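A short write-up of the structure that comes next.
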Amino acid sequence: MLGGMDKSPAQLVRCLVAGDPVAVRTLVDLARTGDDATVLVAAALVDPAWTALLDRAAALAANGRERQLVAVAAAYLRGDPDRADLLVRDHLADHPDSLLAAHIAGLNEKRKHR
């Protein structure tokens, strides 16, 4: 339980998006030894060792949804905002419930307007 809440990947992503520092620490801790591609992508957004996390996420991605999410995060983290926009649009068209992809899209927009 995370502060009395569920520690599922979906709940951790919701807490990450909300800015919960406990969720951030939990994601990073889980990513060290975990094998959930979504957790690894979420942790990559906040961990300086993001390249290793994304490499692991790519290796563990079990389906197209996870592979697309890894590609979206990689484009964003590598500083390619146009590619991130295109990839996140495609991902959200296929998976409109992807909160993590929507979060990356928001981060990408903020970065473009700095």
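So you can find residues: chains in the structure tokens are A, B, ... in the order shown, residues in each start at 1, and ligands are numbered from 1 in order.
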- Task: Determine, counting only C-alpha atoms, which protein, DNA and RNA residues have an atom within 8 Å of an atom of Leu45 (chain A); residues of the same chain fewer than 5 positions away are not included. Present the result as a PyMOL selection string.
- Result: chain A and resi 50+73+77
- Mind checking which residues fall within 9 Å of Arg32 (chain A), counting only C-alpha atoms, ignoring those fewer than 5 positions away in the same chain, and posting them as a ChimeraX atom specification? /A:27,40,53
Same residues, N, CA and C atoms, saved as an mmCIF file, in the first residue's frame:
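The result, stored in result-v3.cif:
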data_model
loop_
_atom_site.group_PDB
_atom_site.id
_atom_site.type_symbol
_atom_site.label_atom_id
_atom_site.label_comp_id
_atom_site.auth_asym_id
_atom_site.auth_seq_id
_atom_site.Cartn_x
_atom_site.Cartn_y
_atom_site.Cartn_z
ATOM 1 N N LEU A 27 8.100 4.217 -7.491
ATOM 2 C CA LEU A 27 8.339 3.819 -8.884
ATOM 3 C C LEU A 27 9.817 3.553 -9.137
ATOM 4 N N LEU A 40 8.714 0.837 -15.515
ATOM 5 C CA LEU A 40 10.035 1.268 -15.978
ATOM 6 C C LEU A 40 9.957 2.571 -16.759
ATOM 7 N N LEU A 53 16.733 2.327 -17.869
ATOM 8 C CA LEU A 53 15.349 1.943 -17.590
ATOM 9 C C LEU A 53 14.567 1.746 -18.880
#
- Task: Mind giving me the straight-line distance from CA of Leu100 (chain A) to CA of Val39 (chain A) in Å, one decimal?
- Result: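 Between CA of Leu100 (chain A) and CA of Val39 (chain A) the gap is 9.9 Å.
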- Could you tell me how far CA of Val22 (chain A) lies from CA of Arg67 (chain A), in Å and to one decimal? 26.6 Å
- Got a sec: who's within 7 Å of region 79-90 of chain A, counting only C-alpha atoms, leaving out chain neighbours fewer than 4 positions off, as a PyMOL selection string? chain A and resi 72+75+94+101+105+108
Residues of the last selection are to be written out with C-alpha atoms, as a compact mmCIF listing (two decimals), in the first residue's frame.
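Heads up, here's the output in out.txt:
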# COMPACT_ATOMS: atom_id res chain seq x y z
CA VAL A 72 6.97 7.89 -26.80
CA ALA A 75 11.49 10.46 -28.01
CA ASP A 94 -5.07 3.50 -30.18
CA ALA A 101 1.21 8.80 -22.52
CA ALA A 105 2.45 14.70 -23.96
CA ASN A 108 6.53 17.60 -23.93
- Message: Can you pull out the residues contacting Ala43 (chain A)? Cut-off 10 Å, using only C-alpha atoms, and skip same-chain residues under 2 positions away; I want them as a PyMOL selection string.
- Response: chain A and resi 13+16+23-32+37-41+45-50+53-54
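In terms of minimum interatomic distance to Cys15 (chain A), A:Ala42 ranks closest within A:Ala102, A:Val70, A:Leu92, A:Ala42, counting only C-alpha atoms.
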- Message: So that I can check the secondary structure, give me every residue of region 4-98 of chain A assigned alpha helix (DSSP H) by backbone DSSP, as a PyMOL selection string.
- Response: chain A and resi 9-17+21-33+37-44+50-60+64-77+81-94
- Please measure the separation of CA of Arg78 (chain A) and CA of Asp20 (chain A), giving the value in Å to one decimal. 24.4 Å
